[in-house]
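Take a look at the structure below.
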Amino acid sequence: MSKAEATTALKQFVDGFNASNTKLDPKVNPTYETESLLAVDQALTKSGQAVSPRGNPKFPRLTLTSPHFTVPKQAGWPKFFLADAVSNRNNARWFLVFTRDAVGAKWKASYLSALADNQIPQFKTDPDGYAEAVPADAKDSGLKVAPGELGKAYATYLNTGKGEVFAPGPATDQWRKLREQQGRQPGSRIQYEDQPSDYAPVALRTKDGGALVFFSTYYHQQKTVSEGSRISIPPEIKGIMDGPAKESDRMTFTTLSQQVVKVPAAGASEKVAFLHRLEAKTSAKSL
């Protein structure tokens with residue numbers, strides 16, 4: 001893959017991102033996104049459309065500058081590469097995973113994260129400058145947790161609190177504590193259940209033998225309010241409703257969450273550290 005091809009893919013993403021967020025038309029998202037990022041952003045677009053049916057012409061346009069591309073040497077399909085660039089959205093670089101399934105297919109973005117300078121890892125490269133893609137299975141990963149097992153391990157941890165794999169932080173122990181607080185409010189209860197997604201993880205080896213891994217999970221919520229009360233449904237939730245938007249005392253919500261983590265090498269003392277998380281409610285249902 002050439003730098004010109006990667007540059008074109010990045011430009012297509014920026015153009016598509018600006019178009020979908022201006023028009024708030026969910027049919028635009030599949031033209032430049034795929035897999036879990038498509039599910040996240042299309043849900044956000046549907047929510048935005050429900051709030052502003054005529055679109056958002058004042059949407060501040062995204063710009064990505066000073067791009068850098070990390071390309072792994074790969075055999076077979078699908079193939080992927082990583083693009084990172086300075087965003088005008090925040091003081092961070094946006095990291096985008098682009099993937100395609102065949103020769104001639106369009107490169108589309110499947111993961112998005114924003115990393116500060118001190119979070120950006122150094123990737124392992126060969127003499128020709130190619131990075132190393134890490135296999136998803138445990139046998140060949142050389143990591144403390146194989147990329148293909150991260151979704152299950154994370155869901156299990158969030159469900160039970162058990163395990164010593166993940167480092168403490170906002171996406172782990174602090175999130176479990178926040179859920180406990182939010183789940184038991186006066187007149188309201190929220191039950192949580194997490195599960196791995198079917199979207200394939202993407203991993204690149206770092207110089208220290210670990211890897212930067214992108215993966216996704218779902219979490220489900222069931223909210224119940226006291227008898228005689230009703231859960232109000234804001235316009236943005238109406239845009240993703242499964243079934244009629246009737247006010248009731250019970251509702252379920254499904255959220256897709258994308259994570260990027262630094263996974264240490266097998267045998268290292270460090271734990272899996274979360275660097276960024278992006279999520280969106282993808283469906284809601286009145287019970």
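Naming works like this for the structure tokens: A, B, ... for the chains as they're shown, residue 1 at the start of each chain, ligands 1 onward in shown order.
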- Close residues, Tyr130 of chain A itself excluded, 12 Å, only C-alpha atoms, min 6 positions apart in chain, as a PyMOL selection string: chain A and resi 1-2+69-74+81-82+123-124+204-205
- Message: Would you pick out the contacts of Ala280 of chain A at 7 Å or less, using only C-alpha atoms, so that residues sharing its chain but fewer than 5 positions from it are not included, and give the list as a list in words?
- Response: Val40, Ala43, Leu44, Thr255, Leu256 and Ser257 of chain A
The selected residues should be written to file as a PDB file, in the first residue's frame (atoms: N, CA and C atoms).
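Final file, out-v6.pdb:
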```
ATOM      1  N   VAL A  40     -21.038   2.514  15.858  1.00  0.00           N
ATOM      2  CA  VAL A  40     -21.015   3.620  16.819  1.00  0.00           C
ATOM      3  C   VAL A  40     -21.480   4.918  16.164  1.00  0.00           C
ATOM      4  N   ALA A  43     -25.147   5.104  14.861  1.00  0.00           N
ATOM      5  CA  ALA A  43     -26.079   5.321  15.970  1.00  0.00           C
ATOM      6  C   ALA A  43     -26.082   6.782  16.398  1.00  0.00           C
ATOM      7  N   LEU A  44     -24.910   7.397  16.449  1.00  0.00           N
ATOM      8  CA  LEU A  44     -24.829   8.816  16.806  1.00  0.00           C
ATOM      9  C   LEU A  44     -25.509   9.684  15.756  1.00  0.00           C
ATOM     10  N   THR A 255     -25.272  -0.549  24.353  1.00  0.00           N
ATOM     11  CA  THR A 255     -24.202   0.384  24.016  1.00  0.00           C
ATOM     12  C   THR A 255     -23.015  -0.386  23.466  1.00  0.00           C
ATOM     13  N   LEU A 256     -22.469   0.090  22.350  1.00  0.00           N
ATOM     14  CA  LEU A 256     -21.245  -0.477  21.787  1.00  0.00           C
ATOM     15  C   LEU A 256     -20.080   0.413  22.193  1.00  0.00           C
ATOM     16  N   SER A 257     -19.039  -0.202  22.737  1.00  0.00           N
ATOM     17  CA  SER A 257     -17.880   0.520  23.245  1.00  0.00           C
ATOM     18  C   SER A 257     -16.616   0.071  22.513  1.00  0.00           C
TER      19      SER A 257
END
```
- 7 Å contact set for segment 172-189 of chain A, only C-alpha atoms, chain neighbours under 2 positions out, as a list in words: Leu158, Pro168, Gly169, Pro170, Gln191, Lys223, Thr224, Val225 and Ser226 of chain A
- Message: as a VMD selection string, please: every residue in segment 29-136 of chain A that a backbone DSSP assignment puts in strand (DSSP E).
- Response: chain A and resid 64 to 70 79 to 87 93 to 100 108 to 115
Given the selection you just returned, output its residues as a file containing N, CA and C atoms, formatted as a compact mmCIF listing (two decimals), in the first residue's frame.
```
# COMPACT_ATOMS: atom_id res chain seq x y z
N LEU A 64 -7.78 17.08 9.81
CA LEU A 64 -6.69 16.24 10.31
C LEU A 64 -5.42 16.60 9.54
N THR A 65 -4.40 16.99 10.28
CA THR A 65 -3.16 17.46 9.65
C THR A 65 -1.97 16.66 10.17
N SER A 66 -0.84 16.82 9.50
CA SER A 66 0.42 16.14 9.84
C SER A 66 0.21 14.63 10.00
N PRO A 67 -0.33 13.98 8.97
CA PRO A 67 -0.63 12.55 9.10
C PRO A 67 0.63 11.68 9.10
N HIS A 68 0.51 10.55 9.77
CA HIS A 68 1.55 9.52 9.78
C HIS A 68 0.86 8.17 9.61
N PHE A 69 1.50 7.27 8.87
CA PHE A 69 0.88 5.99 8.57
C PHE A 69 1.76 4.83 9.03
N THR A 70 1.13 3.88 9.70
CA THR A 70 1.81 2.67 10.16
C THR A 70 1.20 1.49 9.40
N LYS A 79 -6.96 -6.80 5.16
CA LYS A 79 -5.74 -6.06 5.48
C LYS A 79 -6.12 -4.77 6.20
N PHE A 80 -5.17 -4.23 6.95
CA PHE A 80 -5.43 -2.98 7.65
C PHE A 80 -4.17 -2.14 7.73
N PHE A 81 -4.35 -0.86 7.99
CA PHE A 81 -3.24 0.03 8.34
C PHE A 81 -3.75 1.04 9.35
N LEU A 82 -2.81 1.71 10.01
CA LEU A 82 -3.14 2.70 11.03
C LEU A 82 -2.71 4.07 10.57
N ALA A 83 -3.61 5.03 10.66
CA ALA A 83 -3.30 6.43 10.35
C ALA A 83 -3.47 7.24 11.62
N ASP A 84 -2.53 8.16 11.86
CA ASP A 84 -2.72 9.09 12.97
C ASP A 84 -2.39 10.49 12.49
N ALA A 85 -3.14 11.46 13.01
CA ALA A 85 -3.01 12.84 12.56
C ALA A 85 -3.50 13.78 13.64
N VAL A 86 -3.06 15.02 13.57
CA VAL A 86 -3.46 16.04 14.54
C VAL A 86 -4.88 16.49 14.21
N SER A 87 -5.75 16.42 15.22
CA SER A 87 -7.15 16.81 15.05
C SER A 87 -7.37 18.23 15.56
N ARG A 93 -3.80 13.41 19.03
CA ARG A 93 -3.79 12.86 17.68
C ARG A 93 -4.89 11.83 17.56
N TRP A 94 -5.62 11.89 16.45
CA TRP A 94 -6.61 10.87 16.18
C TRP A 94 -5.93 9.68 15.52
N PHE A 95 -6.23 8.49 16.03
CA PHE A 95 -5.72 7.24 15.47
C PHE A 95 -6.89 6.51 14.82
N LEU A 96 -6.73 6.19 13.55
CA LEU A 96 -7.79 5.53 12.79
C LEU A 96 -7.26 4.24 12.18
N VAL A 97 -7.97 3.15 12.42
CA VAL A 97 -7.67 1.89 11.76
C VAL A 97 -8.50 1.82 10.48
N PHE A 98 -7.83 1.60 9.35
CA PHE A 98 -8.51 1.42 8.07
C PHE A 98 -8.37 -0.03 7.64
N THR A 99 -9.45 -0.58 7.10
CA THR A 99 -9.42 -1.98 6.69
C THR A 99 -10.14 -2.14 5.35
N ARG A 100 -9.78 -3.21 4.63
CA ARG A 100 -10.52 -3.59 3.44
C ARG A 100 -10.38 -5.10 3.25
N LYS A 108 -11.93 1.60 4.51
CA LYS A 108 -12.88 2.25 5.41
C LYS A 108 -12.38 2.18 6.84
N ALA A 109 -12.75 3.15 7.65
CA ALA A 109 -12.30 3.22 9.04
C ALA A 109 -13.13 2.29 9.92
N SER A 110 -12.44 1.49 10.74
CA SER A 110 -13.14 0.54 11.62
C SER A 110 -12.95 0.85 13.10
N TYR A 111 -11.92 1.60 13.45
CA TYR A 111 -11.70 2.02 14.84
C TYR A 111 -11.20 3.46 14.85
N LEU A 112 -11.55 4.17 15.92
CA LEU A 112 -11.11 5.56 16.11
C LEU A 112 -10.76 5.77 17.57
N SER A 113 -9.63 6.42 17.81
CA SER A 113 -9.27 6.79 19.17
C SER A 113 -8.49 8.10 19.14
N ALA A 114 -8.41 8.75 20.28
CA ALA A 114 -7.65 9.99 20.41
C ALA A 114 -6.62 9.79 21.51
N LEU A 115 -5.35 9.97 21.18
CA LEU A 115 -4.28 9.73 22.14
C LEU A 115 -3.44 10.98 22.33
```
